[in-house]
Every structure is written in structure tokens, then in C-alpha cells.
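Data first, discussion second: the structure below is written as C-alpha cells.
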Amino acid sequence: MPAIAFDLPENVDQIRDGIRAFAETEVIPRHEKSRELFENAREKYDEDGRLSAPVRELIREIRMASAEAGYYHMCVPEHLGGGGQGMQAYYACWEELFHTCGPHNWMMLYALSHWAFGPSRLLEKATERAREEILAPLMSGEKSMCFGLSEPGAGSDATMIQTKAKPDGDGWVINGRKIWTSNAPIADYCILFAVTDPERKGGISAFLVPTNAPGFHMQRVVKLFGHIGGDEAELYFEDLKVEPWQLVGELHEGFAAALYGVSLGRIYNSARAVGLGRWSVELALDYANTREAFGNLIGQYQGVSFPLAEAATELHAAHLMGLNATRLMDQGHAAIKELSMAKVYSVQVGLKAVDRAMQVHGAMGLTNEMGLAEAWQYLRIINIADGSNEILNKTIAQRLLKGDTDL
Ligand SMILES: Cc1cc2nc3c(=O)[nH]c(=O)nc-3n(C[C@H](O)[C@H](O)[C@H](O)COP(=O)(O)OP(=O)(O)OC[C@H]3O[C@@H](n4cnc5c(N)ncnc54)[C@H](O)[C@@H]3O)c2cc1C
């Protein structure tokens, strides 16, 4: 019996099944062949902490295979050459990828265009010339991008960014810094946010910049949780010149692009939390059904089974919230409250589910081979990234106080 009473649109069901098959044939086998490479951190990363050339090549292969199969750019509008799918399909596919692949087959991150790393509806706001120059390699998966909004002094409150784009001839010259920019160590392009109207709070603009442009520099790869490399970078810009064709959206109105990007990130991370949570609960159920202690399978003890029952209940609720918020978005609603609720709830219950699965595994849960520690790290991160739990609660409270009390 299915757990969800209402049918997803037929296209969403089909694409979700298709992306699972893609992961099983294109992603997981590549991981199996590359285990040694990935398990040796000194091979996986270069000296400076960015992913090494063989790893980057595998990632590129997956992006390109997915583009060829029609999944990679499925949520890019049809007039830009994409599949024109909506947000519910985006949610369902990410959830399926994380659920099927778990944290250890992590290259599934590249099986679908991630909101910040690849083409999305955001490119509708790019100029005709920008699209001519970069759309084809982004759509084919040959090249990738990143999204530079946060700075050392501006995270939750992005109106505090200090990077400035000063008028210079027809265009602008950019100076400043960014931090936490995911995929920046290997990206070909960056959507970069800078202040263009210092007289107005939030007077920022978005620019599309090649990462090899003169004046675009990587200061360092930011390393998390004791890893020797990472996906996030600190960047700085010294007299980086940009021209009008590089503007994304209206001048001084970059916030609209930033908010749109972040809302895609919230969908992605809601799905990631539910998918990884489900993966970890299933792993723990297998273990509870085979591991014995005191003459019984440990699953027979309520101390073991009840936390898993609670995790499953919470993940089921989170899953429904994600499906609902994205359905509202596909119906043309902003769904600010509902998407915020889905993200803040999903990341918390996903993290809790992984922690419970670790406990059920005893000491085994802490080992590298189970992958639970990796899942825990991923989900701990997204309690902060793309709107921390506190900022999302602030957003929900503001909506409620304004009278948006429908639940
Ligand atoms: C792994 C990772 C990847 C990321 N990728 C990107 C990326 O690709 N591009 C990009 O631009 N950014 C990226 N970020 C940055 C991310 O968006 C910020 O970390 C996030 O917005 C929070 O900002 P901050 O870390 O500066 O925390 P701060 O804003 O300094 O907040 C510190 C603490 O105060 C709390 N707080 C702040 N204001 C309030 C308030 N009003 N009420 C209650 N509590 C409050 C926060 O919730 C947090 O707990 C990434 C972050 C991480 C960890």
C-alpha cells in the first residue's frame, strides 16, 4: 500500500522513477569503480583543497550523461532548452536521489542541476548575450557555476554585503570578498552579488562572471568537519570588470534573483533531509532485524524500535510538507511560509533520524563505512545554509503575524 493517498502528477512519477534508474546505472557504478580514489583523501583533493582532476572528470561525466538523458536541466524552462518541469518534480527527484544513493554515493549531487551549480530558471533573467555565451556548456553539463552572496560580514542579513560594483565606463568594476561559495573551487562561472546603489539598503545587483576573469580570485578552500578539502571557497575580487551584458535581472534589483536562488535551495535541502533521513532509517531497520542482544533481535526492544517509529513519523510529515509546498509553487503561489516550514522541519527531523539510526547501530554507527557520520554532517550543515532554522522561524512568524494563519 502506498504511504501517500494522493497521486503525484504522472510526469513527476515517471521522472522520479527515471532518475532513480539513472542513479543506479550511471552514478552508483562510477562510485563502486572509484572507491579507492574517494577513500584516500589525499587523492580525492589537490594540495589546495579542491577536488582533484580525476574526481572533477567523474563529476563532469555524470553531469553530461544526465544532460544527455534529459534529467540534468529538466527544471530549466523549455524556451531555454530545458525540460520545463516544475518544483514538485525537482523536490521528488532530489528526494529520490538522496534516498537511493545515501551519503556515500555523493556524486548524485551532479545528476540533476543543483540550484547553485547549474542551469535553472534564474538564467531567464540573464541577457541574450550571456545566454549565447554560457547557456550551451551549462545545459550540456560540460561547465558549472556557483552563487556568491554570503560574505565574511554578511550571512543571514544579506543586505549587509560590502562587495561593491562601481560604475566604470559602460559597466562596473567590482571589489570585495565572498565566503562559503559552494562549488566555487571548481566552477567556471559565478553569479556574483554586489552593491550598486549604496544609497539604498539592499540596492544590490547580480552579475554573471567567468571565474577565470582577471580580478576574480580564490583565497582558499574552506574546510569543514576536519576534512582536508571541500566544496566551499572564500573568494576576493580586485578591480574585476563587468559589462552590462553580465547583469542578471534588473540593476539594483539583485535581491529578487538572490531570493529566487535561495528558495530553490530550500526545496533542494528539504528533499535532501527527507531522502537521507529515509535512507538512514531503512539502514537502522535492517540492522534492528538482524542484530541480536540478550537472546532477541534488538528490534524487539521498544528502546530501539520506538525512536525509529518516531523518526519515520516525522519524516513522513516532512515529506508531505515538501510535496505540498512545491505543489503550491507549481500552482503559482510563492508559498513562503509553507516552504520555510518544510525546510526548517525537514532538516531538523532528518538530522534527528540520522542520529537515531547511529544509536541503533551501536559502535558500528560511528564507523566510516556505514556513512551515517557523513549523512549527519550533510544535515548539520543545512540547519544553517540556505536560511538557518532561526531565520526560517523568523520568516514563518512574520507571515503569521501578518495574518497568514492558514495551516
Ligand atoms: C556548507 C555551506 C554552504 C554554503 N553555500 C553558500 C553558497 O553557495 N552561496 C552563498 O552565498 N552562501 C552560502 N552559504 C552561506 C549561508 O547562506 C550562511 O552561512 C547563512 O546564511 C548563515 O549566515 P552566517 O553563517 O553568516 O550566520 P549569521 O548570519 O552570522 O548568524 C549566526 C547565528 O545567528 C542566528 N541569527 C541571525 N539573525 C538572527 C535573527 N534575526 N534571529 C534569530 N537568530 C538569528 C543565525 O541563525 C545563526 O545561528 C553556505 C553555508 C554553508 C555552511
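Just remember, in the C-alpha cells the first chain shown is A, the second B, etc., residues are 1-based per chain, and ligands are 1-based in the order shown.
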Can you pull out every residue within 12 Å of A:Gly226, counting only C-alpha atoms, but drop anything in the same chain fewer than 4 positions away, and send it as JSON, numbers by chain? {"A": [41, 49, 222, 230, 374, 377]}
Store the residues picked out above, limited to N, CA and C atoms, as a tab-separated table (two decimals), in the first residue's frame.
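Produced file again.tsv, reproduced below:
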chain	number	residue	atom	x	y	z
A	41	ALA	N	41.76	10.51	0.94
A	41	ALA	CA	41.51	11.96	0.86
A	41	ALA	C	42.63	12.69	0.13
A	49	GLY	N	43.11	21.87	-1.62
A	49	GLY	CA	41.82	21.51	-1.04
A	49	GLY	C	40.69	21.37	-2.04
A	222	VAL	N	37.40	26.44	1.86
A	222	VAL	CA	37.01	26.38	3.27
A	222	VAL	C	36.79	24.92	3.63
A	230	GLY	N	37.38	20.60	0.33
A	230	GLY	CA	35.99	20.98	0.48
A	230	GLY	C	35.40	21.55	-0.80
A	374	GLU	N	28.70	10.76	7.73
A	374	GLU	CA	28.68	11.66	6.56
A	374	GLU	C	27.29	12.30	6.42
A	377	GLN	N	26.80	14.95	8.97
A	377	GLN	CA	27.49	16.20	8.63
A	377	GLN	C	26.71	16.99	7.58
If we count only C-alpha atoms and set the cut-off at 7 Å, which residues sit around stretch 392-397 of chain A, ignoring sequence neighbours fewer than 6 positions away in its own chain? Please answer as a list in words.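 Those residues are Lys337, Ser340 and Val344 of chain A.
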Taking N, CA and C atoms for each residue, export the selection above as a PDB file, in the first residue's frame.
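To be explicit, this is the file written out as part31.pdb:
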ATOM      1  N   LYS A 337       5.667  30.829   3.507  1.00  0.00           N
ATOM      2  CA  LYS A 337       5.501  30.212   4.829  1.00  0.00           C
ATOM      3  C   LYS A 337       5.646  28.696   4.724  1.00  0.00           C
ATOM      4  N   SER A 340       9.236  27.571   3.992  1.00  0.00           N
ATOM      5  CA  SER A 340      10.064  27.775   5.187  1.00  0.00           C
ATOM      6  C   SER A 340       9.778  26.681   6.208  1.00  0.00           C
ATOM      7  N   VAL A 344      12.634  24.056   7.515  1.00  0.00           N
ATOM      8  CA  VAL A 344      13.086  24.051   8.913  1.00  0.00           C
ATOM      9  C   VAL A 344      12.718  22.724   9.581  1.00  0.00           C
TER      10      VAL A 344
END
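Closest to A:Tyr268 among A:Leu283, A:Ala92, A:Ile191, A:Cys101 is A:Ala92, based on only C-alpha atoms.
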Go through the chains and note each residue within 10 Å of ligand 1, using only C-alpha atoms and all ligand atoms, then give the set as a ChimeraX atom specification. /A:115-117,145-158,178-184,190-193,222-224,230-233,258,261-262,265,377-395
If we count only C-alpha atoms, what is near A:Met87 at a cut-off of 8 Å, once residues fewer than 5 positions away on the same chain are taken out, given as number ranges by chain? A: 75, 267, 326-327, 329-330
Please, could you write that set of residues out with C-alpha atoms as an mmCIF file, in the first residue's frame?
data_model
loop_
_atom_site.group_PDB
_atom_site.id
_atom_site.type_symbol
_atom_site.label_atom_id
_atom_site.label_comp_id
_atom_site.auth_asym_id
_atom_site.auth_seq_id
_atom_site.Cartn_x
_atom_site.Cartn_y
_atom_site.Cartn_z
ATOM 1 C CA CYS A 75 13.604 22.236 -14.489
ATOM 2 C CA ILE A 267 13.447 22.897 -1.842
ATOM 3 C CA THR A 326 6.277 22.596 -4.099
ATOM 4 C CA ARG A 327 2.782 21.844 -5.424
ATOM 5 C CA MET A 329 4.701 26.806 -6.026
ATOM 6 C CA ASP A 330 3.757 24.970 -9.222
#
As a list of chain:residue names, please: the residues near A:Trp172 (cut-off 9 Å, only C-alpha atoms, same-chain neighbours under 2 positions excluded).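 The neighbour list is A:Ala165, A:Lys166, A:Pro167, A:Asp168, A:Gly169, A:Asp170, A:Ile174, A:Thr196, A:Leu240, A:Lys241, A:Val242, A:Glu243, A:Pro244.
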